[in-house]
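J.: The structure file work29.txt (compact mmCIF, C-alpha atoms) is provided below.
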# COMPACT_ATOMS: atom_id res chain seq x y z
CA MET A 1 22.24 -21.04 -8.96
CA PRO A 2 19.18 -23.28 -8.50
CA THR A 3 15.91 -21.65 -7.55
CA PRO A 4 15.81 -21.45 -3.78
CA ARG A 5 12.99 -23.60 -2.48
CA PHE A 6 11.21 -22.46 0.60
CA THR A 7 8.48 -23.49 2.96
CA PHE A 8 5.43 -21.33 3.52
CA HIS A 9 4.31 -21.33 7.15
CA GLN A 10 0.85 -20.15 8.16
CA PRO A 11 0.76 -19.77 11.95
CA GLN A 12 -2.72 -19.47 13.46
CA ASN A 13 -1.77 -17.11 16.27
CA LEU A 14 0.95 -14.70 17.30
CA GLU A 15 2.67 -17.19 19.64
CA GLN A 16 3.07 -19.71 16.82
CA ALA A 17 4.33 -16.96 14.53
CA LEU A 18 6.91 -15.88 17.13
CA ASP A 19 8.06 -19.48 17.56
CA LEU A 20 8.55 -19.86 13.82
CA VAL A 21 10.31 -16.53 13.48
CA GLY A 22 12.63 -17.57 16.32
CA MET A 23 13.29 -20.96 14.80
CA TYR A 24 14.10 -19.57 11.35
CA ARG A 25 15.73 -16.30 12.39
CA THR A 26 18.72 -16.83 10.10
CA ASN A 27 16.93 -17.93 6.94
CA GLY A 28 13.31 -16.90 7.36
CA LYS A 29 11.25 -13.88 6.35
CA ILE A 30 7.93 -12.54 7.61
CA LEU A 31 5.21 -12.01 5.01
CA ALA A 32 2.32 -9.59 5.56
CA GLY A 33 1.04 -8.50 2.13
CA GLY A 34 3.96 -9.96 0.22
CA THR A 35 4.02 -7.35 -2.53
CA ASP A 36 7.65 -6.41 -1.84
CA LEU A 37 8.79 -9.82 -0.64
CA VAL A 38 7.30 -12.22 -3.22
CA PRO A 39 9.07 -10.75 -6.29
CA LYS A 40 12.38 -10.70 -4.40
CA LEU A 41 11.92 -14.33 -3.40
CA ARG A 42 10.94 -15.32 -6.93
CA ALA A 43 14.03 -13.63 -8.30
CA GLY A 44 16.16 -15.63 -5.88
CA LEU A 45 17.61 -12.42 -4.46
CA MET A 46 17.45 -13.61 -0.88
CA ASP A 47 18.83 -16.55 1.01
CA VAL A 48 15.46 -17.46 2.46
CA HIS A 49 14.12 -20.94 3.10
CA HIS A 50 11.15 -20.20 5.30
CA VAL A 51 8.38 -17.66 4.93
CA VAL A 52 6.20 -16.98 7.94
CA SER A 53 2.88 -15.55 6.79
CA LEU A 54 0.92 -13.33 9.17
CA ASN A 55 -2.28 -13.63 7.14
CA ARG A 56 -3.95 -16.15 9.43
CA VAL A 57 -3.02 -14.52 12.72
CA PRO A 58 -6.35 -13.21 14.05
CA GLY A 59 -6.70 -9.55 14.89
CA LEU A 60 -3.66 -8.36 13.02
CA ASN A 61 -5.65 -6.61 10.31
CA ARG A 62 -7.43 -4.32 12.75
CA ILE A 63 -7.73 -0.58 12.28
CA THR A 64 -9.15 0.99 15.42
CA PHE A 65 -9.51 4.58 16.59
CA HIS A 66 -10.39 6.00 20.02
CA GLU A 67 -10.31 9.68 20.94
CA ASP A 68 -8.07 8.91 23.93
CA ASP A 69 -5.77 6.24 22.58
CA GLY A 70 -5.53 7.30 18.97
CA LEU A 71 -5.17 5.00 16.03
CA VAL A 72 -3.93 1.41 15.98
CA ILE A 73 -3.04 -0.09 12.61
CA GLY A 74 -2.48 -3.84 12.86
CA ALA A 75 0.42 -5.33 10.96
CA GLY A 76 -1.97 -7.03 8.54
CA ALA A 77 -4.05 -3.94 7.70
CA ARG A 78 -4.05 -3.39 3.94
CA LEU A 79 -3.15 -0.05 2.40
CA ALA A 80 -6.54 0.12 0.67
CA ASP A 81 -8.40 -0.49 3.93
CA VAL A 82 -6.41 2.18 5.76
CA ALA A 83 -6.93 4.62 2.86
CA LEU A 84 -10.71 4.19 2.99
CA ASN A 85 -11.12 3.96 6.77
CA PRO A 86 -13.46 6.85 7.77
CA GLU A 87 -11.55 7.59 11.01
CA VAL A 88 -8.21 7.63 9.20
CA MET A 89 -9.66 9.91 6.51
CA LYS A 90 -11.04 12.26 9.16
CA HIS A 91 -8.21 12.39 11.70
CA TYR A 92 -5.15 11.44 9.64
CA PRO A 93 -5.76 12.80 6.13
CA GLY A 94 -2.05 12.79 5.29
CA LEU A 95 -1.84 9.07 5.95
CA ALA A 96 -5.10 8.36 4.11
CA HIS A 97 -3.75 10.29 1.13
CA ALA A 98 -0.42 8.43 1.14
CA CYS A 99 -2.23 5.08 1.27
CA SER A 100 -4.57 6.03 -1.55
CA VAL A 101 -2.02 7.39 -4.06
CA MET A 102 0.93 5.04 -3.64
CA ALA A 103 1.46 2.04 -5.95
CA THR A 104 -1.62 0.62 -7.70
CA THR A 105 -5.08 -0.63 -6.76
CA GLN A 106 -3.78 -4.19 -6.99
CA ILE A 107 -0.85 -3.53 -4.65
CA ARG A 108 -2.92 -1.44 -2.22
CA ASN A 109 -5.34 -4.37 -1.94
CA MET A 110 -2.50 -6.66 -0.79
CA GLY A 111 0.26 -4.49 0.64
CA THR A 112 0.19 -3.34 4.25
CA VAL A 113 1.21 -0.15 6.03
CA ALA A 114 3.37 -2.18 8.42
CA GLY A 115 5.08 -3.84 5.46
CA ASN A 116 5.79 -0.45 3.93
CA ILE A 117 7.46 0.59 7.19
CA VAL A 118 9.36 -2.67 7.78
CA ASN A 119 10.61 -2.62 4.18
CA SER A 120 12.14 0.74 5.17
CA ALA A 121 12.63 2.19 1.71
CA PRO A 122 13.79 5.83 1.91
CA SER A 123 10.80 6.61 -0.33
CA ALA A 124 8.19 4.75 1.76
CA ASP A 125 5.05 6.84 1.26
CA THR A 126 3.42 6.01 4.58
CA ALA A 127 6.60 6.82 6.55
CA ALA A 128 6.51 10.60 6.15
CA PRO A 129 2.92 11.11 7.37
CA LEU A 130 3.41 8.57 10.18
CA LEU A 131 6.52 10.47 11.30
CA ALA A 132 4.55 13.71 11.22
CA TYR A 133 1.80 12.09 13.32
CA LYS A 134 4.43 10.96 15.85
CA ALA A 135 3.68 7.28 15.33
CA ALA A 136 5.40 4.45 17.17
CA VAL A 137 5.66 0.81 16.21
CA ILE A 138 4.99 -2.11 18.52
CA LEU A 139 7.55 -4.88 18.16
CA VAL A 140 6.97 -8.23 19.82
CA GLU A 141 9.21 -11.18 20.48
CA ARG A 142 8.89 -14.23 22.68
CA GLY A 143 8.46 -12.86 26.17
CA GLY A 144 8.69 -9.20 25.29
CA ARG A 145 7.11 -6.23 23.63
CA ARG A 146 8.58 -2.79 22.97
CA HIS A 147 7.36 0.51 21.58
CA VAL A 148 9.78 2.20 19.23
CA PRO A 149 9.06 5.77 18.11
CA LEU A 150 9.21 5.88 14.33
CA THR A 151 11.89 8.57 14.60
CA GLU A 152 14.17 5.89 16.06
CA PHE A 153 13.12 3.05 13.76
CA PHE A 154 14.86 3.62 10.43
CA SER A 155 18.61 3.14 10.27
CA GLY A 156 19.40 3.25 6.55
CA PRO A 157 18.03 2.40 3.11
CA GLY A 158 16.09 -0.84 3.66
CA LEU A 159 17.38 -1.00 7.23
CA ASN A 160 15.75 -0.61 10.64
CA VAL A 161 16.25 -1.49 14.28
CA MET A 162 14.12 -4.67 14.29
CA GLU A 163 15.78 -7.76 15.71
CA PRO A 164 15.59 -11.00 13.68
CA MET A 165 13.22 -12.59 16.20
CA GLU A 166 10.81 -9.66 16.31
CA ILE A 167 7.48 -9.19 14.56
CA MET A 168 5.88 -5.79 14.07
CA GLU A 169 2.49 -6.23 15.66
CA ALA A 170 1.00 -2.81 15.08
CA ILE A 171 1.56 0.88 14.52
CA ARG A 172 0.19 3.32 17.09
CA VAL A 173 -0.59 6.90 16.22
CA PRO A 174 -1.59 9.44 18.88
CA SER A 175 -4.93 11.17 18.61
CA PRO A 176 -4.60 14.63 17.06
CA PRO A 177 -5.78 17.64 19.11
CA ARG A 178 -8.91 19.42 17.97
CA ARG A 179 -7.31 22.49 16.39
CA SER A 180 -4.78 20.68 14.28
CA GLY A 181 -4.22 19.98 10.63
CA SER A 182 -2.08 17.65 8.62
CA ALA A 183 -1.19 16.82 5.03
CA TYR A 184 1.07 14.78 2.78
CA LEU A 185 2.18 15.81 -0.69
CA ARG A 186 4.33 13.75 -3.02
CA LEU A 187 5.80 14.06 -6.47
CA SER A 188 6.73 11.35 -8.92
CA ALA A 189 7.40 11.34 -12.65
CA ARG A 190 4.14 9.66 -13.63
CA SER A 191 2.19 10.77 -10.55
CA LYS A 192 0.56 7.32 -10.59
CA VAL A 193 1.99 3.88 -9.82
CA ASP A 194 5.63 4.93 -9.56
CA ILE A 195 7.77 5.45 -6.48
CA ALA A 196 7.85 8.93 -4.95
CA ALA A 197 10.73 11.21 -5.94
CA VAL A 198 9.90 13.60 -3.10
CA GLY A 199 7.41 13.34 -0.25
CA VAL A 200 6.64 15.94 2.42
CA ALA A 201 4.26 15.47 5.34
CA GLY A 202 3.23 17.95 7.98
CA PHE A 203 1.24 18.36 11.16
CA LEU A 204 0.37 21.62 12.96
CA ALA A 205 -1.48 22.16 16.23
CA LEU A 206 -2.79 25.66 17.02
CA ASP A 207 -3.96 27.48 20.12
CA MET A 208 -7.21 29.47 20.18
CA ASP A 209 -5.48 32.54 18.76
CA GLY A 210 -4.14 30.64 15.79
CA VAL A 211 -0.58 30.48 17.10
CA ILE A 212 1.26 27.27 16.27
CA ILE A 213 1.77 25.23 19.45
CA GLU A 214 3.43 22.31 17.80
CA ALA A 215 4.76 21.68 14.32
CA ARG A 216 6.03 18.45 12.84
CA LEU A 217 7.41 18.04 9.34
CA ALA A 218 8.75 14.89 7.72
CA LEU A 219 10.40 14.08 4.40
CA ALA A 220 10.57 10.96 2.25
CA ALA A 221 12.75 9.97 -0.71
CA VAL A 222 15.30 12.74 -0.07
CA ALA A 223 17.68 11.07 2.40
CA PRO A 224 18.89 7.55 3.30
CA THR A 225 15.82 7.24 5.57
CA PRO A 226 12.55 9.10 5.96
CA LEU A 227 13.21 11.86 8.50
CA ARG A 228 11.82 14.72 10.56
CA CYS A 229 12.90 18.37 10.24
CA PRO A 230 13.52 19.66 13.78
CA GLU A 231 14.97 23.01 12.71
CA ALA A 232 11.91 23.89 10.63
CA GLU A 233 9.58 22.65 13.37
CA ALA A 234 11.25 24.87 15.98
CA MET A 235 10.99 27.87 13.65
CA LEU A 236 7.22 27.42 13.34
CA ALA A 237 6.44 26.80 17.00
CA GLY A 238 5.04 29.88 18.74
CA GLN A 239 4.40 31.71 15.46
CA LYS A 240 1.59 32.53 13.11
CA PRO A 241 2.60 31.65 9.58
CA ASP A 242 3.29 34.43 7.10
CA PRO A 243 4.81 34.05 3.64
CA GLN A 244 8.32 34.85 4.92
CA LEU A 245 8.12 32.32 7.72
CA LEU A 246 6.85 29.67 5.29
CA THR A 247 9.80 30.30 3.00
CA ARG A 248 12.28 30.14 5.88
CA ALA A 249 10.75 26.98 7.36
CA ALA A 250 10.70 25.29 3.95
CA ALA A 251 14.35 26.27 3.50
CA ALA A 252 15.12 24.61 6.83
CA CYS A 253 13.47 21.44 5.46
CA VAL A 254 15.79 21.66 2.45
CA ARG A 255 18.74 21.84 4.87
CA ALA A 256 17.48 18.68 6.61
CA CYS A 257 17.43 16.60 3.46
CA ARG A 258 20.35 14.75 1.91
CA PRO A 259 19.11 13.77 -1.54
CA ILE A 260 20.92 11.83 -4.25
CA ASP A 261 20.71 11.77 -8.04
CA ASP A 262 18.90 8.65 -9.20
CA VAL A 263 16.53 7.45 -11.92
CA ARG A 264 13.61 9.22 -10.31
CA ALA A 265 15.04 12.71 -9.92
CA THR A 266 18.24 14.67 -9.48
CA ALA A 267 19.33 15.83 -6.04
CA ALA A 268 19.01 19.45 -7.18
CA TYR A 269 15.42 18.94 -8.31
CA ARG A 270 14.59 17.16 -5.07
CA ARG A 271 15.93 20.11 -3.02
CA LYS A 272 13.87 22.57 -5.05
CA MET A 273 10.76 20.45 -4.65
CA VAL A 274 11.23 20.07 -0.90
CA GLN A 275 11.18 23.87 -0.73
CA VAL A 276 7.96 24.04 -2.76
CA LEU A 277 6.13 21.10 -1.19
CA ALA A 278 7.09 21.99 2.39
CA GLY A 279 5.64 25.47 1.91
CA ARG A 280 2.42 24.05 0.53
CA VAL A 281 2.17 21.40 3.23
CA ILE A 282 2.56 23.95 6.04
CA GLU A 283 -0.05 26.20 4.44
CA GLN A 284 -2.47 23.32 3.96
CA CYS A 285 -1.98 22.11 7.54
CA TYR A 286 -2.58 25.62 8.87
CA GLN A 287 -5.77 26.12 6.86
CA THR A 288 -7.20 22.78 8.03
CA ALA A 289 -6.20 23.48 11.63
CA GLU A 290 -7.84 26.92 11.59
CA ARG A 291 -11.12 25.34 10.53
CA GLY A 292 -10.71 23.18 13.63
CA ASP A 293 -12.42 20.23 12.03
CA ALA A 294 -9.52 17.82 11.96
CA MET B 1 0.11 -30.12 3.33
CA GLU B 2 -2.71 -29.47 0.91
CA LEU B 3 -3.40 -26.04 -0.52
CA ILE B 4 -7.17 -25.60 -0.55
CA PHE B 5 -9.01 -22.60 -1.96
CA LYS B 6 -12.04 -21.69 -3.98
CA LEU B 7 -11.38 -21.02 -7.66
CA ASN B 8 -14.15 -19.61 -9.82
CA GLY B 9 -16.75 -21.00 -7.47
CA GLU B 10 -15.29 -24.48 -7.07
CA GLU B 11 -13.02 -25.90 -4.40
CA VAL B 12 -9.49 -26.74 -5.51
CA ARG B 13 -7.18 -29.05 -3.55
CA LEU B 14 -3.53 -29.24 -4.53
CA SER B 15 -0.65 -31.06 -2.96
CA GLN B 16 3.05 -30.35 -3.11
CA VAL B 17 2.81 -26.68 -3.97
CA PRO B 18 6.24 -25.21 -3.25
CA GLY B 19 6.38 -22.06 -1.14
CA GLU B 20 7.93 -19.96 -3.87
CA GLU B 21 5.23 -20.68 -6.43
CA SER B 22 3.25 -17.57 -7.30
CA LEU B 23 -0.49 -17.64 -7.68
CA LEU B 24 0.10 -16.69 -11.32
CA THR B 25 2.29 -19.73 -12.01
CA LEU B 26 -0.12 -21.97 -10.18
CA LEU B 27 -3.08 -20.74 -12.24
CA ARG B 28 -1.33 -20.86 -15.61
CA GLU B 29 0.94 -23.85 -15.36
CA ARG B 30 -0.62 -26.15 -12.79
CA LEU B 31 -4.27 -25.45 -13.55
CA GLY B 32 -4.03 -24.46 -17.22
CA LEU B 33 -5.97 -21.22 -16.80
CA THR B 34 -4.02 -19.10 -19.27
CA GLY B 35 -6.48 -16.21 -19.35
CA THR B 36 -4.38 -14.66 -16.59
CA LYS B 37 -1.29 -13.23 -18.31
CA GLU B 38 2.26 -12.70 -17.20
CA GLY B 39 3.54 -9.33 -18.34
CA CYS B 40 6.22 -7.68 -16.22
CA GLY B 41 6.24 -10.19 -13.35
CA VAL B 42 6.91 -7.44 -10.81
CA GLY B 43 3.51 -5.90 -10.21
CA GLU B 44 3.60 -2.96 -12.58
CA CYS B 45 1.56 -3.99 -15.63
CA GLY B 46 -1.53 -5.61 -14.13
CA ALA B 47 -1.83 -8.28 -16.86
CA CYS B 48 -1.81 -10.93 -14.10
CA SER B 49 -4.72 -9.36 -12.19
CA VAL B 50 -7.13 -11.73 -10.48
CA LEU B 51 -9.75 -11.20 -7.79
CA LEU B 52 -8.87 -12.40 -4.30
CA ASP B 53 -11.98 -12.36 -2.13
CA GLY B 54 -13.48 -10.02 -4.71
CA LYS B 55 -10.65 -7.47 -4.75
CA VAL B 56 -8.20 -7.10 -7.59
CA VAL B 57 -4.60 -8.12 -6.85
CA ASN B 58 -1.46 -8.93 -8.85
CA SER B 59 -1.19 -12.73 -8.97
CA CYS B 60 2.52 -12.39 -9.76
CA LEU B 61 3.09 -10.70 -6.37
CA THR B 62 0.93 -13.22 -4.53
CA ALA B 63 2.37 -16.45 -3.23
CA ALA B 64 0.04 -19.31 -4.16
CA TRP B 65 -0.24 -20.14 -0.46
CA GLN B 66 -1.69 -16.71 0.25
CA ALA B 67 -4.83 -17.96 -1.50
CA ALA B 68 -5.33 -20.71 1.10
CA GLY B 69 -8.88 -20.67 2.40
CA ARG B 70 -9.82 -17.75 0.19
CA GLU B 71 -11.70 -17.22 -3.04
CA VAL B 72 -9.92 -16.57 -6.34
CA THR B 73 -11.72 -15.40 -9.48
CA THR B 74 -9.96 -15.38 -12.83
CA ILE B 75 -11.25 -14.14 -16.17
CA GLU B 76 -12.40 -17.72 -16.91
CA GLY B 77 -14.79 -17.55 -13.97
CA LEU B 78 -16.53 -14.35 -14.90
CA ALA B 79 -18.96 -15.32 -17.66
CA GLY B 80 -22.05 -17.44 -17.07
CA ASP B 81 -22.67 -20.61 -19.07
CA GLU B 82 -24.06 -18.69 -22.01
CA ASP B 83 -23.77 -15.00 -21.30
CA LEU B 84 -20.75 -12.79 -20.94
CA HIS B 85 -20.44 -10.85 -17.71
CA PRO B 86 -21.69 -7.27 -18.23
CA VAL B 87 -18.12 -5.92 -17.91
CA GLN B 88 -16.96 -8.33 -20.63
CA ARG B 89 -19.93 -7.37 -22.81
CA ALA B 90 -19.17 -3.69 -22.36
CA PHE B 91 -15.56 -4.22 -23.45
CA VAL B 92 -16.75 -6.00 -26.61
CA GLU B 93 -19.39 -3.41 -27.39
CA ALA B 94 -17.10 -0.45 -26.75
CA GLY B 95 -14.36 -1.94 -28.93
CA ALA B 96 -12.00 -1.80 -25.96
CA VAL B 97 -9.96 -4.82 -27.05
CA GLN B 98 -6.98 -4.43 -29.36
CA CYS B 99 -4.32 -7.13 -28.98
CA GLY B 100 -6.19 -8.45 -25.96
CA PHE B 101 -3.21 -9.16 -23.70
CA CYS B 102 -4.19 -6.62 -21.05
CA THR B 103 -7.93 -7.26 -21.39
CA PRO B 104 -8.44 -9.96 -18.72
CA GLY B 105 -6.64 -7.80 -16.15
CA MET B 106 -8.48 -4.65 -17.24
CA ILE B 107 -11.84 -6.41 -16.96
CA LEU B 108 -11.12 -7.79 -13.50
CA ALA B 109 -9.80 -4.43 -12.27
CA ALA B 110 -12.93 -2.80 -13.67
CA LYS B 111 -15.17 -5.37 -11.97
CA SER B 112 -13.37 -4.83 -8.65
CA LEU B 113 -13.93 -1.08 -9.01
CA LEU B 114 -17.59 -1.33 -10.03
CA ASP B 115 -18.36 -3.71 -7.17
CA GLN B 116 -17.17 -1.02 -4.75
CA ASN B 117 -18.31 2.03 -6.66
CA PRO B 118 -21.14 1.39 -9.12
CA ASP B 119 -20.98 4.85 -10.72
CA PRO B 120 -17.36 6.04 -10.91
CA ASP B 121 -16.45 9.18 -12.83
CA GLU B 122 -13.63 9.23 -15.35
CA GLU B 123 -10.98 10.33 -12.85
CA VAL B 124 -11.89 7.51 -10.47
CA ILE B 125 -11.76 5.00 -13.34
CA LYS B 126 -8.33 6.24 -14.41
CA ASN B 127 -7.01 5.94 -10.85
CA ALA B 128 -8.48 2.49 -10.38
CA LEU B 129 -6.96 1.24 -13.65
CA ALA B 130 -3.59 2.96 -13.20
CA GLY B 131 -2.07 -0.43 -12.36
CA ASN B 132 -3.12 -1.94 -15.70
CA LEU B 133 -1.02 -1.07 -18.72
CA CYS B 134 -2.29 -1.35 -22.29
CA ARG B 135 0.68 -1.37 -24.62
CA CYS B 136 -1.62 -0.81 -27.61
CA THR B 137 -2.49 2.41 -25.70
CA GLY B 138 -6.19 1.84 -26.19
CA TYR B 139 -7.09 3.57 -22.94
CA HIS B 140 -9.79 5.82 -24.33
CA ASP B 141 -12.06 2.96 -25.34
CA ILE B 142 -11.23 1.03 -22.18
CA ILE B 143 -12.47 3.92 -20.04
CA ARG B 144 -15.55 4.15 -22.23
CA ALA B 145 -16.09 0.42 -21.71
CA VAL B 146 -15.93 0.74 -17.94
CA ARG B 147 -18.50 3.55 -18.02
CA ARG B 148 -20.69 1.40 -20.24
CA ALA B 149 -20.23 -1.57 -17.90
CA GLY B 150 -21.38 0.63 -15.01
CA LYS B 151 -24.51 1.55 -16.97
CA LEU B 152 -25.21 -2.11 -17.81
CA LEU B 153 -24.77 -3.15 -14.19
CA ARG B 154 -26.99 -0.31 -12.98
CA GLY B 155 -29.63 -1.33 -15.52
CA GLU B 156 -29.54 2.05 -17.26
CA THR B 157 -28.99 0.53 -20.67
CA SER B 158 -29.30 -2.90 -22.24
Output the structure of this file as structure tokens.
T.:
Amino acid sequence: MPTPRFTFHQPQNLEQALDLVGMYRTNGKILAGGTDLVPKLRAGLMDVHHVVSLNRVPGLNRITFHEDDGLVIGAGARLADVALNPEVMKHYPGLAHACSVMATTQIRNMGTVAGNIVNSAPSADTAAPLLAYKAAVILVERGGRRHVPLTEFFSGPGLNVMEPMEIMEAIRVPSPPRRSGSAYLRLSARSKVDIAAVGVAGFLALDMDGVIIEARLALAAVAPTPLRCPEAEAMLAGQKPDPQLLTRAAAACVRACRPIDDVRATAAYRRKMVQVLAGRVIEQCYQTAERGDA
Amino acid sequence: MELIFKLNGEEVRLSQVPGEESLLTLLRERLGLTGTKEGCGVGECGACSVLLDGKVVNSCLTAAWQAAGREVTTIEGLAGDEDLHPVQRAFVEAGAVQCGFCTPGMILAAKSLLDQNPDPDEEVIKNALAGNLCRCTGYHDIIRAVRRAGKLLRGETS
């Protein structure tokens, strides 16, 4: 098979980008950071003839935070910039951690959070914390814009609900309440560079007496898509954590996952580690929330 | 359409660059700058590291067109006319070069780190260089070199 030749388009604004994406919906791809897409294109793995780069679309690399509106991560915002953003570090430590430990410096300098989500790998490191923070994505197409909660976004390994003519414009994350805490923990064989074998993210909001008002837990790399753990969340709501409750809630997370054996870990190991990491994540979230500084 | 960017301080204009060409291929094969190495070709080894607007990236994962309007620095652009860049000097003085294949990428990753954080501790250095593999496994001296480079840049030693 001859090397597929393609054209690299650099639209100067979102309207132009949408036009191009519409025009090439059958054989085009959108490029944000390119770290997942470029090697696939070079290997000739995709029937793509047009690449629409978002790099020159103004405003897409924004990272903004307001107490009322929460966080907006533009589709062009680099992983490294999100990881080091002071507001992200303060209000969304789980996301900051995911962005700072995944991949390598080189990839974090190019790759984007939006790209990590659109790529929709079951192991996507930013997906679990974003699920725990109740993020939604903003998808635009010619003449329309829709918000999709991240819980409804992933549909399978590498699959999501985006239409071929849509561009992810941004990710919106609600502002966390004052007495809340969050965390993301992940395991991989090398602990650096390589893809996560297990990822667990959590978010807890407390009332003034330290009772959990709301709990959200999310898992990565242990099911066909990143996912939330409603059973465990319901168990925690209205309670104060004790060691027994932590064990039971973590066990509910294990019940939510559907891991497989692959090169990174066995399904059995993944289940055991979900139990361990979920317990730690809940504890860490609770401790941060009690300090009330998140 | 012409691809225009700044390479090692000078403007480069190229025509007929196909969309699938990586920045790595463009640098090595079109421009003859072979200091940038191709190792794995999939963004794991870091041998192809270059600076894009001052930040280290994998040129194998970067489409050449992504450099349009931006500034690329390769290992060839680091030294002055007569003097090595302090990071290069530190690598020589610390004996951090074995076969040398990973060295250009290591040096650029180290420069990118030191530009952001002039005094990194060992853990920070290890994290920053985690995307650069040395198959001679000469990491110990490489980390020493980065610490030395930091001292040279901070003027704490000469």
J.: From the list A:Ser180, A:Ser191, A:Gln239, A:Ser175, which residue is nearest chain B when using all atoms listed in the file?
T.: A:Ser191
J.: So, with only C-alpha atoms as the atoms that count, which of B:Leu114, B:Ala63, B:Val124, B:Ile4 lies closest to chain A?
T.: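 Counting only C-alpha atoms, the residue closest to chain A is B:Ala63.
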J.: Starting from chain B, keep only residues with some atom at most 7 Å from an atom of chain A, counting all atoms listed in the file, and report them as a PDB file with C-alpha atoms, in the coordinates of the input.
T.:
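Wrote it out as selection_24.pdb, contents follow:
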ATOM      1  CA  PRO B  18       6.240 -25.210  -3.250  1.00  0.00           C
ATOM      2  CA  GLY B  19       6.380 -22.060  -1.140  1.00  0.00           C
ATOM      3  CA  GLU B  20       7.930 -19.960  -3.870  1.00  0.00           C
ATOM      4  CA  VAL B  42       6.910  -7.440 -10.810  1.00  0.00           C
ATOM      5  CA  LYS B  55     -10.650  -7.470  -4.750  1.00  0.00           C
ATOM      6  CA  VAL B  56      -8.200  -7.100  -7.590  1.00  0.00           C
ATOM      7  CA  VAL B  57      -4.600  -8.120  -6.850  1.00  0.00           C
ATOM      8  CA  ASN B  58      -1.460  -8.930  -8.850  1.00  0.00           C
ATOM      9  CA  LEU B  61       3.090 -10.700  -6.370  1.00  0.00           C
ATOM     10  CA  THR B  62       0.930 -13.220  -4.530  1.00  0.00           C
ATOM     11  CA  ALA B  63       2.370 -16.450  -3.230  1.00  0.00           C
ATOM     12  CA  ALA B 128      -8.480   2.490 -10.380  1.00  0.00           C
ATOM     13  CA  ALA B 130      -3.590   2.960 -13.200  1.00  0.00           C
ATOM     14  CA  GLY B 131      -2.070  -0.430 -12.360  1.00  0.00           C
TER      15      GLY B 131
END
J.: Could you name the residues that touch A:Ala256 at 12 Å or less, counting all atoms listed in the file, but leaving out those on the same chain fewer than 5 positions away, as a PyMOL selection string?
T.: chain A and resi 200+217-220+222-233+249-251+271+274-275+278
J.: Residues within 7 Å of stretch 101-104 of chain B, please, as number ranges by chain. Count only C-alpha atoms; anything in the same chain fewer than 3 positions from it doesn't count.
T.: B: 35-36, 47, 75, 97, 107-108, 133-134
J.: Out of B:Ala149, B:Cys45, B:Val92, B:Leu51, which residue has the shortest atom-to-atom distance to B:Val72 when counting all atoms listed in the file?
T.: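 Once distances to B:Val72 are computed over all atoms listed in the file, the minimum belongs to B:Leu51.
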J.: Find the residue from A:Ile213, A:Met23, A:Ala189, A:Met102 that sits nearest to A:Arg264; use all atoms listed in the file when measuring.
T.: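 So, comparing all the options, the nearest one is A:Ala189.
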J.: Could you give me, as number ranges by chain, the residues within 12 Å of A:Gly143, counting only C-alpha atoms and dropping anything in the same chain fewer than 6 positions from it?
T.: A: 14-15, 18-19, 22, 165-166
J.: What's the 8 Å shell around B:Cys48, counting all atoms listed in the file, without same-chain residues fewer than 5 positions away, as a list in words?
T.: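 Near B:Cys48, the qualifying residues are Leu24, Thr36, Lys37, Glu38, Gly39, Asn58, Ser59, Cys60 and Gly105 of chain B.
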J.: Put those residues in a file: C-alpha atoms, as a CSV table (one decimal), in the frame of the given file.
T.:
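Produced file part-v9.csv, reproduced below:
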chain,number,residue,atom,x,y,z
B,24,LEU,CA,0.1,-16.7,-11.3
B,36,THR,CA,-4.4,-14.7,-16.6
B,37,LYS,CA,-1.3,-13.2,-18.3
B,38,GLU,CA,2.3,-12.7,-17.2
B,39,GLY,CA,3.5,-9.3,-18.3
B,58,ASN,CA,-1.5,-8.9,-8.8
B,59,SER,CA,-1.2,-12.7,-9.0
B,60,CYS,CA,2.5,-12.4,-9.8
B,105,GLY,CA,-6.6,-7.8,-16.2
J.: One decimal, Å: what's the distance from atom CA of A:Val281 over to atom CA of A:Ile260, could you say?
T.: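 Answer for the atom CA of A:Val281 to atom CA of A:Ile260 separation: 22.3 Å.
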J.: Between A:Gly70, A:Gly279, A:Gly115, A:Pro93, which is the closest to A:Ala135 once you count only C-alpha atoms?
T.: A:Gly70
J.: Between atom CA of A:Arg186 and atom CA of A:Cys285, what distance in Å does the model show, to one decimal?
T.: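 Separation between atom CA of A:Arg186 and atom CA of A:Cys285: 14.9 Å.
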J.: I'd like the neighbourhood of B:Glu156 as a list of chain:residue names, where a residue qualifies if any of its atoms comes within 12 Å (using only C-alpha atoms), though same-chain residues fewer than 3 positions away should be ignored.
T.: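 That gives B:Pro118, B:Asp119, B:Arg147, B:Arg148, B:Ala149, B:Gly150, B:Lys151, B:Leu152, B:Leu153.
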J.: Between atom CA of B:Leu33 and atom CA of B:Glu76, what is the spacing in Å?
T.: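 Atom-to-atom, atom CA of B:Glu76 and atom CA of B:Leu33 are spaced 7.3 Å apart.
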J.: Specify the axis-aligned box that encloses all atoms of stretch 37-52 of chain A listed in the file after padding of 3 Å on each side, stating its centre and edge lengths in Å to one decimal as lines of an AutoDock Vina configuration file.
T.:
center_x = 12.5
center_y = -15.4
center_z = -0.2
size_x = 18.6
size_y = 17.1
size_z = 22.2
